[in-house]
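Structure first, commentary second.
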Amino acid sequence: MNNISCRTELDALRARLAGLERLHSAARPCPTAALPCGFPPIDRTLPWRGLPRGCLHEISGAPGDAATAGFAAAVLSRFAAHGPIVWITRIRELYAPGLQSLGLAPQRLMLVHIARAADALWAIEEALRCAALAAVIAEIDAVDMTRSRRLQLAAETSGVTAFLLQNETKRAGTSVARTRWRVAALPSAAARGVGAPRWRVELVRARGGATGGWNVEWRNGQWHAANDVGVAADAADRPARAAAPGV
Amino acid sequence: MANGMRRMMSVWLPTLPTDRLARRHPASEPRVIVADDGGVLRLTALDAAAARLGLAPGQTLADARALVPSLDARPADPAADAACLDRLAAWCTRWTPWTAADGADGLWLDITGCPHLFGGEEALRDDVLARLGRLGFAARAAIADTPGAARAIARFAADRQIVPAGESQAALDKLPPAALRLSAATVAALDGLGLRRIGDLHDLPRAGLAVRFGDEITRRLDQALGRLAEPISPRRPVAPWRTLLAFAEPIATPEDIARVTRHLLIDLCARLAAVDLGARRLDLVFYKADGGIAALAAGMSRPTRVPDRLLRLFAERFETVDPGFGIEAAALEATLVEALLPAQLAFASRMDVAAAQTTLTGEPDFPDLAPLIDRLANRLGPHAVSHFELQESHLPERAVRHVRAGSTPDNRIWRVRFSSPFETHAPIDAVGVDSLSRGPGDAFGVTSLRDGPTGLLRMRSASRRTHAPQSEEAASAAVSNHEAADRAARPPPYAAGWSEAPPRPLRLLGRPEPIEVIAPVPDDPPILFRWRRVPHRIARADGPERIAPEWWRQRALPRDYYRIEDAEGRRFWVFREGLYQASPLRWFLHGLFA
């Protein structure tokens, strides 16, 4: 009996905390307040057992690297079931079959092409205000504190999740993002040729204190742990090339 | 009567060139406009002061200077005069949307149905003349049934400038024949014959006039009297839905402009709602006190008649409107309207995903994104918002194209176009269903089923041979049949590393960028390459995948694509253009894998 009353009190406390943290939006109560990303070690580390919806997330990586966009696309594949996704870019380089292979259905995507940097923040905010969307992902540098707070507020009101893809060298120091990630490319491992994509994913910051780093691989539409370091192919795969000149 | 019940106002600006100059440079001396006529400078236009001193157009400048030594002579600029007249015609749309320029010094305003808005024809004419006078243009105006009659009376009649309907013949009879826009030779000939009034022409037999002068006289006479139609083309297409608001005091602040726009929108939307229409293009025109206009336009992807939503499309641009000395009137026109039934409006306002319906094949039907698309497109440009569409090409850069969002009438934005050329050995990626294009003989009747663990959408090649089922039950039965058949026929799960479809990069560069490459043997992938001055050492490679060019392009070369990975784990898509023996080798980078 004691246990049951304790458990109900704990549940009540948890519900109150969730309400205080405003994980449920005012306009549209999210049926699931957090979406698991499908990789159990990451889901266990996050305090919400998944990526919380209706707030801001930042993913940064090396400039000119497609790994950040790839990781974001794979994560967004879960969000795509709940509504359309808006992807805001400066350069029109996204390729639909590539998105397909990462699990993000291109027909759920609406692309917005920004010519001037000043319009990018406005566009993100407009998209965040539209409660019909599931997520907004934007490639934008250096969002400072006040602006990111505005975006967070817009996301909380409408329940749309925002992902900001940033250049890690140009990122602002502090922001109100609920989770911050850093993604880097890793060599893949396959018997021959290029294998499935692998990334080094680090959770730099999460409200609730968790951090961690994982090597993940996206294969056949699912995450796998990639803890075996990719064997360098030139040692294993090219016995006949030992005498190749010039390398 | 050929012209029905039209009422036409003709405005004559006798001193337009000098008035235009006087707005910028007030004249202290009598001013004339001169033009070069075969080496001699002749007067082409005068202002009132010069006319009072006895000068006339056609005189040489030397003669004029002899008469009036302190003359201010300016060169003629017909282009600027025409532009000024055009601007005035645009500004005169505050009374009626149907305005046009008449020659080099006149305006036509079709005021059929307008005078009651301004208190009658007399009041309208006084208003026009007063405002033009305030702008600095001396003007005379007349109202009659036809453009020809109005023009004649404005220029040649001394009084009674408003001719009631049906009395134009009596009014024209007293005017000289030159009022009928006849050529100088004809006028001189008529004068030589003693015909000095239009009334004299009526008694003459028309056949005789035609023989002597051609059809010019009879045509002009018929046009002036309304027997022959003379349509006037308005400057801009006249929108059938127009609301106008004029102010007692000119306004200038953005807040006032916003409030005025809101009133106009509410009024126009109420009128559209009464007939079940929605607006797709709106033009907002502000008439300024200095004779200019400022215009804003907004386009919507779906017909709308919600005032607040339309106001938000204009809201950011009110600061860009330059009020000048003040805005005196504002007009809102709906230049494109479409049917909008009341039922659709109720559905579109619900943004609740939980209540979204599911479609035939089980995919959720997403609610309307039109308001967001409209806001983004109106500020960023019409091509800024797009989505993907597959195209019928095996060249990777042409396989996908961006389609403007909102240009398709349905929510589903992925349209079936083709099947991949690789379909023979592997199912392709991404097709969707276009439920609106079902019909007998439609090859892609039932598609878009989610595959199992890989998450790829497959196209059922079997469905290409059947025609689309016509009813829902048949469709779902067909779906389940296809699913069952496919499950039976599905090949065993692939070994790790063997992808189902040819791998494609996440980012495809707009143009393939040349790279420097060290490749040991012709058909082998490179060992080292340099891109944007950064060298990459290659650890793994896949390929080649040969993509041949389109057969109708003679000089294009086949490409061998390789998927390569460098020592740090970055993956690239490069290709070698051309066959090894035939031409010099060139390598390019086309895309980046995640």
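Here's how to read the names in the structure tokens: chain A, B, ... by the order shown, residue numbers from 1 in each chain, ligand numbers from 1 in the order shown.
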From segment 156-364 of chain B, collect each residue whose DSSP state is strand (DSSP E) and return the set as a PyMOL selection string. chain B and resi 241-251+277-288+293-304+327-339
May I have a table of the residues of chain B lying at most 6 Å from chain A, giving each one's closest pair of atoms and their distance in Å to one decimal, counting only C-alpha atoms, ordered by chain and ascending residue number, as a tab-separated table?
```
residue	atom	partner	partner_atom	distance
B:Met351	CA	A:Ala132	CA	5.5
B:Ala384	CA	A:His113	CA	4.8
B:Val385	CA	A:Val112	CA	4.5
B:Ser386	CA	A:Leu111	CA	5.2
B:His387	CA	A:Met110	CA	5.0
B:Trp414	CA	A:Gln107	CA	5.3
B:Thr454	CA	A:Asn220	CA	5.0
B:Gly497	CA	A:Gly195	CA	5.9
B:Arg504	CA	A:Gly98	CA	4.9
B:Pro505	CA	A:Gly98	CA	4.8
B:Leu506	CA	A:Gly98	CA	4.1
B:Arg507	CA	A:Leu94	CA	4.7
B:Leu508	CA	A:Glu93	CA	5.2
B:Leu509	CA	A:Glu93	CA	5.7
B:Ala539	CA	A:Ala233	CA	5.6
B:Arg540	CA	A:Gly193	CA	5.4
B:Ala541	CA	A:Gly193	CA	4.9
B:Asp542	CA	A:Gly193	CA	4.9
B:Glu568	CA	A:Pro187	CA	5.9
B:Gly569	CA	A:Pro187	CA	3.6
B:Arg570	CA	A:Ala185	CA	5.7
B:Ala594	CA	A:Ala67	CA	4.6
```
Keeping N, CA and C atoms, export the residues of the selection given above as a short mmCIF file (atom, residue, chain, number, x, y, z; two decimals), in the first residue's frame.
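Writing done, so here's selection_24.cif:
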```cif
data_model
loop_
_atom_site.label_atom_id
_atom_site.label_comp_id
_atom_site.auth_asym_id
_atom_site.auth_seq_id
_atom_site.Cartn_x
_atom_site.Cartn_y
_atom_site.Cartn_z
N MET B 351 -6.48 23.18 -37.65
CA MET B 351 -5.08 22.80 -37.77
C MET B 351 -4.79 21.58 -36.90
N ALA B 384 10.73 30.63 -53.72
CA ALA B 384 11.51 30.29 -52.53
C ALA B 384 10.96 29.04 -51.86
N VAL B 385 9.68 28.82 -51.97
CA VAL B 385 9.07 27.68 -51.28
C VAL B 385 8.78 26.61 -52.30
N SER B 386 9.32 25.44 -52.10
CA SER B 386 9.16 24.41 -53.13
C SER B 386 9.15 23.04 -52.48
N HIS B 387 8.83 22.06 -53.27
CA HIS B 387 8.99 20.69 -52.81
C HIS B 387 9.52 19.87 -53.97
N TRP B 414 3.66 14.78 -53.76
CA TRP B 414 4.62 13.95 -54.47
C TRP B 414 3.85 13.23 -55.57
N THR B 454 13.07 -1.74 -44.37
CA THR B 454 13.93 -0.72 -44.95
C THR B 454 13.25 0.64 -45.01
N GLY B 497 25.44 -4.50 -46.66
CA GLY B 497 26.32 -3.83 -47.59
C GLY B 497 25.79 -3.78 -49.01
N ARG B 504 22.50 7.26 -53.46
CA ARG B 504 22.53 8.62 -53.95
C ARG B 504 22.93 9.53 -52.80
N PRO B 505 23.63 10.61 -53.10
CA PRO B 505 24.14 11.45 -52.02
C PRO B 505 23.04 12.29 -51.39
N LEU B 506 23.33 12.77 -50.20
CA LEU B 506 22.37 13.63 -49.51
C LEU B 506 22.40 15.04 -50.11
N ARG B 507 23.58 15.48 -50.45
CA ARG B 507 23.72 16.81 -51.05
C ARG B 507 24.27 16.64 -52.45
N LEU B 508 23.57 17.23 -53.38
CA LEU B 508 24.04 17.20 -54.77
C LEU B 508 24.44 18.61 -55.14
N LEU B 509 25.68 18.79 -55.55
CA LEU B 509 26.12 20.14 -55.88
C LEU B 509 25.39 20.63 -57.12
N ALA B 539 40.15 6.02 -48.50
CA ALA B 539 40.33 4.74 -47.82
C ALA B 539 39.45 3.65 -48.42
N ARG B 540 38.22 4.03 -48.84
CA ARG B 540 37.32 3.02 -49.37
C ARG B 540 36.64 3.57 -50.61
N ALA B 541 36.23 2.65 -51.45
CA ALA B 541 35.54 3.12 -52.66
C ALA B 541 34.59 2.06 -53.17
N ASP B 542 33.53 2.53 -53.80
CA ASP B 542 32.52 1.68 -54.44
C ASP B 542 32.31 2.16 -55.86
N GLU B 568 39.09 10.24 -42.95
CA GLU B 568 38.35 10.73 -41.78
C GLU B 568 36.91 10.26 -41.76
N GLY B 569 36.47 9.65 -42.82
CA GLY B 569 35.10 9.15 -42.81
C GLY B 569 34.13 9.97 -43.64
N ARG B 570 34.60 10.99 -44.31
CA ARG B 570 33.69 11.76 -45.16
C ARG B 570 33.51 11.02 -46.47
N ALA B 594 26.05 11.43 -46.51
CA ALA B 594 25.99 11.78 -45.09
C ALA B 594 27.10 11.11 -44.30
#
```
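The smallest atom-to-atom distance between Ala35 of chain B and any of B:Ala76, B:Ala339, B:Val211, B:Ile515, using only C-alpha atoms, is found for B:Ala76.
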Would you mind writing down, as a PyMOL selection string, each residue of segment 56-222 of chain B that DSSP on the backbone assigns to helix (DSSP H, G or I)? chain B and resi 61-67+78-94+115-118+121-135+147-156+168-173+177-180+184-192+198-203+206-213+216-222
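Interatomic distance, atom CA of Asp127 of chain B to atom CA of Ala178 of chain B: 28.5 Å.
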Would you mind listing what lies within 8 Å of Glu338 of chain B as a list of chain:residue names, with only C-alpha atoms counted and same-chain residues fewer than 6 positions away left out? B:Leu277, B:Gly278, B:Ala279, B:Arg280, B:Pro303
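Taking atom CA of Ala519 of chain B and atom CA of Ala556 of chain B as the two end points, the separation is 22.5 Å.
As for atom CA of Glu139 of chain A and atom CA of Glu217 of chain A, they are spaced 22.9 Å apart.
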Can you pull out the residues contacting Glu333 of chain B? Cut-off 10 Å, using only C-alpha atoms, and skip same-chain residues under 3 positions away; I want them as a PyMOL selection string. chain B and resi 97+238-244+264-265+268+279+281-285+297+336
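Of the residues listed (B:Ala22, B:Leu313, B:Leu369, B:Ile538), B:Leu369 shows the shortest atom-to-atom separation from Ile85 of chain A; distances use only C-alpha atoms.
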